[in-house]
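A short worksheet on the structure shown next.
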Amino acid sequence: MEEINFSWKDVPEGWALCFNQPCPLRDHCLRYQAGLLAPESMTVSRCVTPRALTGEKCKAYASMEPVKFARGFSTIYQNVLKRDYTSLRKYMTSLLSGKRYYYEYKRGERALSPEQQSDIKELFGSFGYHDSVQFDKYEVSLHFPWI
């Protein structure tokens, strides 16, 4: 995938940053690169502790590699049998953290991460709908994971 440029306005509010300059992962770490864009007036409360780095691994590392997000699933139940609909809908609502978020994801107001897409496909597969999951559209963007 192509490299995506980003600015400070793209960094989610409250997202942990890294300022560990000697870190060997800094050139490919979204947390470090976002930290370089932080305004000088910002307080230190949003920082990842240097202890996150252990040897060559960091538990707070966030890749700069763009990922494919999905938006909306207006036709996801199109091929679902009536007997499975209620159960699938209940599991989907739970999987997406409740009714409010379920509808925001369904309408495409929130982007589904690759992990969420995989979980949804696995859920539908468990009901026998292995190839029926289609999302409304896709976008490539940076992924800002929470620790």
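Ordering of the structure tokens sets the chain letters (A, B, ...), residue numbers begin anew at 1 in every chain, and ligands are numbered from 1 in the order given.
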Residues near Tyr102 of chain A, cut-off 12 Å, only C-alpha atoms, skip fewer than 2 positions along chain, as a ChimeraX atom specification: /A:71-74,89-100,104-112,116,120
Which residues are close to Arg51 of chain A, i.e. within 10 Å by only C-alpha atoms, leaving aside same-chain residues fewer than 4 positions away? Reply as JSON, numbers by chain. {"A": [20, 58, 59, 60]}
Separation of atom CA of Val133 of chain A from atom CA of Pro12 of chain A, in Å and rounded to one decimal: 28.9 Å
Test item: residues at most 10 Å from Gln134 of chain A, only C-alpha atoms, excluding those fewer than 6 positions along its chain, as a PyMOL selection string: chain A and resi 70+72-78+117+121
As a PyMOL selection string, please: every residue in chain A that DSSP puts in helix (DSSP H, G or I). chain A and resi 8-10+26-28+30-37+44-46+50-52+82-95+99-107+114-126
Write out as a PyMOL selection string each polymer residue whose atoms come within 10 Å of Lys57 of chain A, counting only C-alpha atoms; drop sequence neighbours fewer than 6 positions from it. chain A and resi 23-25
Could you take the residues named above and write them with all heavy atoms, as a tab-separated table (two decimals), in the first residue's frame?
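Result saved to part.tsv:
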```
chain	number	residue	atom	x	y	z
A	23	CYS	N	14.64	5.25	20.41
A	23	CYS	CA	13.94	4.01	20.05
A	23	CYS	C	14.29	3.57	18.63
A	23	CYS	O	14.21	4.36	17.69
A	23	CYS	CB	12.43	4.20	20.17
A	23	CYS	SG	11.50	2.74	19.67
A	24	PRO	N	14.65	2.31	18.44
A	24	PRO	CA	15.01	1.82	17.10
A	24	PRO	C	13.79	1.67	16.18
A	24	PRO	O	13.94	1.53	14.97
A	24	PRO	CB	15.63	0.44	17.38
A	24	PRO	CG	15.07	0.02	18.69
A	24	PRO	CD	14.84	1.27	19.47
A	25	LEU	N	12.58	1.75	16.73
A	25	LEU	CA	11.35	1.59	15.93
A	25	LEU	C	10.75	2.93	15.49
A	25	LEU	O	9.77	2.95	14.75
A	25	LEU	CB	10.31	0.82	16.75
A	25	LEU	CG	10.73	-0.54	17.29
A	25	LEU	CD1	9.66	-1.10	18.23
A	25	LEU	CD2	11.01	-1.50	16.15
```
